[in-house]
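First comes the structure, then the notes that go with it.
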Amino acid sequence: MLELEERIRQQGTVKPGNVLKVDAFLNHQCDVALFDAMGAAWAEHFQGKPITKILTIEASGIGIACVAARHFDNVPVVFAKKAQSINLDGEQYVTQVYSFTKQREFPVIVAKKFLSADDHVLIIDDFLANGKALQGLIELCEDAGATVEGIGIAIEKGFQGGGDRLREAGFDLDSLAIVESMDADNGTVTFRH
Ligand code: 5GP
């Protein structure tokens with residue numbers, strides 16, 4: 001998606017440790033018009049799939065998923081929680097994932113009442129790096145017996161391999177911008193097409 005690549009070029013910053021900072025439009029300040037265009041792009045890609053629910057993970061995925069849902073007949077958006085809380089009651093699907101940015105394990109939790117074997121799920125997230133976060137969400141869908149119809153990602157860091165592993169495993173993965181390489185010294189980002 002050229003518009004997203006342009007924004008990454010203009011406003012993204014490359015941090016040491018292979019981290020791309022896009023807080024000006026994606027995961028701190030949110031450009032809702034851009035989110036809307038991203039939702040339209042996924043709707044075109046996943047056209048014809050019987051999606052009943054969008055699944056994402058807190059926090060940055062929530063805004064993107066909610067705007068995208070407007071392009072999928074306003075299906076409910078469920079976001080997996082990363083911590084137990086007194087607001088989480090009833091039975092839950094729980095797994096553990098390792099966070100690339102926080103460099104520690106955390107739980108990924110969805111209440112059983114919000115994910116079932118009847119669901120056809122589109123998973124949406126802001127970033128795909130090693131694929132650990134997505135693996136966790138896929139595992140929750142498997143535990144629920146739900147069908148993963150596809151995965152929509154805003155920015156895939158292709159050089160970290162998570163996306164290629166998911167494609168090889170047969171998932172329909174639509175990443176709107178795939179970063180092939182990036183250089184923290186001169187701030188350049190190269191995309192895969
Ligand atoms: P993965 O589990 O695929 O290794 O990493 C995906 C998660 O880590 C995303 O949900 C995102 O929150 C975070 N993440 C990974 N790489 C980056 C990055 O370069 N920049 C930002 N802002 N977040 C990232």
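Going through the structure tokens in order, the chains are called A, B, and so on, while each chain numbers its residues from 1 and the ligands are numbered from 1 in the order shown.
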
Exercise answer, 9 Å around ligand 1 with only C-alpha atoms and all ligand atoms, as a PyMOL selection string = chain A and resi 14-15+17-23+26-27+57-61+97-102+125-136+155-157+160-163

Restrict the selected residues to N, CA and C atoms and save them as a short mmCIF file (atom, residue, chain, number, x, y, z; two decimals), in the first residue's frame.
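part.cif, written as the output of this step:
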```
data_model
loop_
_atom_site.label_atom_id
_atom_site.label_comp_id
_atom_site.auth_asym_id
_atom_site.auth_seq_id
_atom_site.Cartn_x
_atom_site.Cartn_y
_atom_site.Cartn_z
N VAL A 14 13.95 4.85 12.42
CA VAL A 14 14.55 3.54 12.65
C VAL A 14 15.39 3.62 13.92
N LYS A 15 15.06 2.74 14.86
CA LYS A 15 15.76 2.72 16.14
C LYS A 15 16.73 1.53 16.18
N GLY A 17 18.31 -1.92 17.20
CA GLY A 17 17.63 -3.15 17.62
C GLY A 17 16.50 -3.53 16.70
N ASN A 18 16.54 -3.02 15.45
CA ASN A 18 15.53 -3.36 14.44
C ASN A 18 14.12 -2.93 14.82
N VAL A 19 14.02 -1.80 15.48
CA VAL A 19 12.69 -1.27 15.84
C VAL A 19 12.36 -0.08 14.94
N LEU A 20 11.18 -0.14 14.34
CA LEU A 20 10.68 0.96 13.52
C LEU A 20 9.65 1.71 14.34
N LYS A 21 9.89 3.00 14.53
CA LYS A 21 8.97 3.80 15.34
C LYS A 21 8.02 4.53 14.40
N VAL A 22 6.73 4.30 14.57
CA VAL A 22 5.72 4.95 13.73
C VAL A 22 4.63 5.56 14.61
N ASP A 23 5.09 6.16 15.71
CA ASP A 23 4.13 6.68 16.68
C ASP A 23 3.42 7.94 16.20
N LEU A 26 0.58 5.67 13.70
CA LEU A 26 0.04 4.31 13.87
C LEU A 26 -0.13 3.88 15.32
N ASN A 27 0.90 4.03 16.15
CA ASN A 27 0.70 3.48 17.49
C ASN A 27 1.02 4.39 18.68
N ILE A 57 -4.94 -7.60 19.36
CA ILE A 57 -4.32 -7.68 20.69
C ILE A 57 -4.07 -6.26 21.18
N GLU A 58 -4.26 -6.03 22.48
CA GLU A 58 -4.06 -4.68 22.99
C GLU A 58 -2.58 -4.32 22.96
N ALA A 59 -2.19 -3.08 22.80
CA ALA A 59 -3.10 -1.97 22.70
C ALA A 59 -3.19 -1.45 21.26
N SER A 60 -2.07 -1.46 20.55
CA SER A 60 -2.05 -0.73 19.27
C SER A 60 -2.97 -1.33 18.21
N GLY A 61 -3.30 -2.61 18.33
CA GLY A 61 -4.15 -3.22 17.31
C GLY A 61 -5.60 -2.75 17.39
N VAL A 97 3.02 -15.47 25.17
CA VAL A 97 3.86 -15.11 24.02
C VAL A 97 5.03 -14.25 24.47
N TYR A 98 6.08 -14.29 23.66
CA TYR A 98 7.27 -13.49 23.95
C TYR A 98 7.18 -12.18 23.18
N SER A 99 7.35 -11.07 23.87
CA SER A 99 7.24 -9.76 23.21
C SER A 99 8.59 -9.31 22.66
N PHE A 100 8.59 -8.98 21.36
CA PHE A 100 9.80 -8.49 20.70
C PHE A 100 10.21 -7.14 21.28
N THR A 101 9.24 -6.23 21.46
CA THR A 101 9.60 -4.88 21.90
C THR A 101 9.84 -4.82 23.41
N LYS A 102 9.11 -5.64 24.18
CA LYS A 102 9.29 -5.56 25.64
C LYS A 102 10.30 -6.59 26.15
N ASP A 125 -3.29 -6.85 13.17
CA ASP A 125 -2.34 -6.25 14.13
C ASP A 125 -1.51 -5.18 13.42
N ASP A 126 -0.85 -4.36 14.23
CA ASP A 126 -0.06 -3.26 13.66
C ASP A 126 1.25 -3.76 13.05
N PHE A 127 1.96 -4.63 13.77
CA PHE A 127 3.28 -5.07 13.33
C PHE A 127 3.38 -6.59 13.31
N LEU A 128 4.17 -7.08 12.39
CA LEU A 128 4.55 -8.51 12.39
C LEU A 128 6.08 -8.54 12.29
N ALA A 129 6.69 -9.13 13.30
CA ALA A 129 8.16 -9.24 13.29
C ALA A 129 8.53 -10.72 13.26
N ASN A 130 8.71 -11.31 14.44
CA ASN A 130 9.01 -12.76 14.48
C ASN A 130 7.76 -13.62 14.44
N GLY A 131 6.63 -13.00 14.65
CA GLY A 131 5.37 -13.72 14.54
C GLY A 131 4.86 -14.31 15.84
N LYS A 132 5.50 -13.95 16.95
CA LYS A 132 5.09 -14.54 18.24
C LYS A 132 3.69 -14.09 18.67
N ALA A 133 3.41 -12.79 18.50
CA ALA A 133 2.09 -12.29 18.89
C ALA A 133 1.00 -12.99 18.08
N LEU A 134 1.24 -13.12 16.76
CA LEU A 134 0.24 -13.78 15.91
C LEU A 134 0.09 -15.25 16.27
N GLN A 135 1.21 -15.90 16.56
CA GLN A 135 1.14 -17.31 16.97
C GLN A 135 0.21 -17.47 18.17
N GLY A 136 0.33 -16.53 19.13
CA GLY A 136 -0.52 -16.57 20.31
C GLY A 136 -1.99 -16.43 19.94
N ILE A 155 2.28 -3.30 9.15
CA ILE A 155 3.71 -3.29 8.77
C ILE A 155 4.36 -4.62 9.14
N GLU A 156 4.82 -5.34 8.14
CA GLU A 156 5.58 -6.57 8.37
C GLU A 156 7.06 -6.26 8.20
N LYS A 157 7.86 -6.66 9.17
CA LYS A 157 9.31 -6.56 9.00
C LYS A 157 9.77 -7.88 8.41
N GLN A 160 12.60 -10.35 9.48
CA GLN A 160 12.56 -11.12 10.72
C GLN A 160 11.88 -12.48 10.55
N GLY A 161 11.29 -12.70 9.37
CA GLY A 161 10.88 -14.05 9.00
C GLY A 161 9.53 -14.56 9.48
N GLY A 162 8.88 -13.83 10.39
CA GLY A 162 7.60 -14.31 10.90
C GLY A 162 6.54 -14.45 9.81
N GLY A 163 6.51 -13.48 8.91
CA GLY A 163 5.51 -13.49 7.84
C GLY A 163 5.71 -14.66 6.89
#
```

request  = Looking only at alpha helix (DSSP H) from DSSP on the backbone, list the matching residues of region 5-162 of chain A as a ChimeraX atom specification.
outcome  = /A:5-11,32-45,60-69,132-144,162

Non-local contacts of His71 (chain A) (7 Å; only C-alpha atoms; under 5 positions in same chain excluded) as a PDB file with N, CA and C atoms, in the first residue's frame:
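Okay, result-v6.pdb is ready:
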```pdb
ATOM      1  N   GLY A  39      -8.221  -0.378   6.223  1.00  0.00           N
ATOM      2  CA  GLY A  39      -9.384  -1.260   6.328  1.00  0.00           C
ATOM      3  C   GLY A  39      -9.961  -1.578   4.949  1.00  0.00           C
ATOM      4  N   ALA A  40      -9.994  -0.558   4.081  1.00  0.00           N
ATOM      5  CA  ALA A  40     -10.524  -0.758   2.721  1.00  0.00           C
ATOM      6  C   ALA A  40      -9.625  -1.727   1.946  1.00  0.00           C
ATOM      7  N   ALA A  43     -10.333  -5.170   3.166  1.00  0.00           N
ATOM      8  CA  ALA A  43     -11.664  -5.612   2.706  1.00  0.00           C
ATOM      9  C   ALA A  43     -11.580  -6.112   1.271  1.00  0.00           C
TER      10      ALA A  43
END
```

task = Give me every strand (DSSP E or B) residue in region 21-57 of chain A, going by DSSP on the backbone, as a VMD selection string.
result = chain A and resid 21 53 to 57

Using N, CA and C atoms, can you export the residues from the last selection as a PDB file, in the first residue's frame?
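Done, and the output landed in out22.pdb:
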```pdb
ATOM      1  N   LYS A  21       9.891   3.004  14.529  1.00  0.00           N
ATOM      2  CA  LYS A  21       8.970   3.802  15.335  1.00  0.00           C
ATOM      3  C   LYS A  21       8.016   4.535  14.405  1.00  0.00           C
ATOM      4  N   LYS A  53     -15.801 -12.180  12.840  1.00  0.00           N
ATOM      5  CA  LYS A  53     -15.175 -11.499  13.976  1.00  0.00           C
ATOM      6  C   LYS A  53     -13.770 -11.071  13.616  1.00  0.00           C
ATOM      7  N   ILE A  54     -13.363  -9.922  14.132  1.00  0.00           N
ATOM      8  CA  ILE A  54     -11.968  -9.494  13.996  1.00  0.00           C
ATOM      9  C   ILE A  54     -11.315  -9.653  15.358  1.00  0.00           C
ATOM     10  N   LEU A  55     -10.130 -10.277  15.352  1.00  0.00           N
ATOM     11  CA  LEU A  55      -9.392 -10.494  16.603  1.00  0.00           C
ATOM     12  C   LEU A  55      -8.085  -9.724  16.528  1.00  0.00           C
ATOM     13  N   THR A  56      -7.788  -8.977  17.601  1.00  0.00           N
ATOM     14  CA  THR A  56      -6.518  -8.263  17.667  1.00  0.00           C
ATOM     15  C   THR A  56      -5.986  -8.361  19.093  1.00  0.00           C
ATOM     16  N   ILE A  57      -4.938  -7.602  19.363  1.00  0.00           N
ATOM     17  CA  ILE A  57      -4.317  -7.677  20.687  1.00  0.00           C
ATOM     18  C   ILE A  57      -4.070  -6.259  21.178  1.00  0.00           C
TER      19      ILE A  57
END
```

List the spatial neighbours of Lys113 (chain A) as a PDB file with C-alpha atoms, in the first residue's frame - criterion: any atom at most 9 Å away, only C-alpha atoms, same-chain residues fewer than 2 positions off excluded.
```
ATOM      1  CA  GLY A  90     -15.558 -16.461  33.450  1.00  0.00           C
ATOM      2  CA  GLU A  91     -13.674 -19.050  31.468  1.00  0.00           C
ATOM      3  CA  GLN A  92     -10.774 -17.940  29.303  1.00  0.00           C
ATOM      4  CA  VAL A 110      -9.635 -13.977  25.538  1.00  0.00           C
ATOM      5  CA  ALA A 111     -12.856 -14.771  27.390  1.00  0.00           C
ATOM      6  CA  LEU A 115     -14.619 -16.737  20.598  1.00  0.00           C
ATOM      7  CA  SER A 116     -16.306 -19.940  19.476  1.00  0.00           C
TER       8      SER A 116
END
```

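Among the candidates A:Ala184, A:Ala177, A:Ile109, A:Leu137, the residue lying nearest to Leu4 (chain A) is A:Ala177 (atoms considered: only C-alpha atoms).
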
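Taking only C-alpha atoms, the non-local environment of Leu122 (chain A) within 10 Å (same-chain residues fewer than 5 positions away omitted) comprises Trp42, Phe46, Lys49, Pro50, Ile51, Thr52, Lys53, Ile54, Leu55, Thr56, Ala65, Ala69, Phe72, Val77, Thr147, Val148, Glu149, Gly150, Ile151, Gly152, Asp172 and Leu173 of chain A.
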
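CA of Val75 (chain A) to CA of Phe171 (chain A) spans 20.7 Å [interatomic distance, one decimal].
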
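Proximity to Val108 (chain A) was assessed for A:Leu34, A:Phe79, A:Asn87, A:Ala68 counting only C-alpha atoms; the smallest distance is recorded for A:Phe79.
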
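In this comparison, which uses only C-alpha atoms, the residue of A:Ala80, A:Ala117, A:Leu2, A:Ile153 approaching Asp174 (chain A) most closely is A:Ile153.
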
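The two atoms in question, CA of Ala83 (chain A) and CA of Arg104 (chain A), are spaced 13.1 Å apart.
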
query = Taking into account only C-alpha atoms, which residue in the set A:Gln96, A:Ile124, A:His193, A:Arg167 is nearest to Val179 (chain A)?
reply = A:His193

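Counting from CA of Ser181 (chain A), the distance to CA of Glu6 (chain A) is 15.5 Å.
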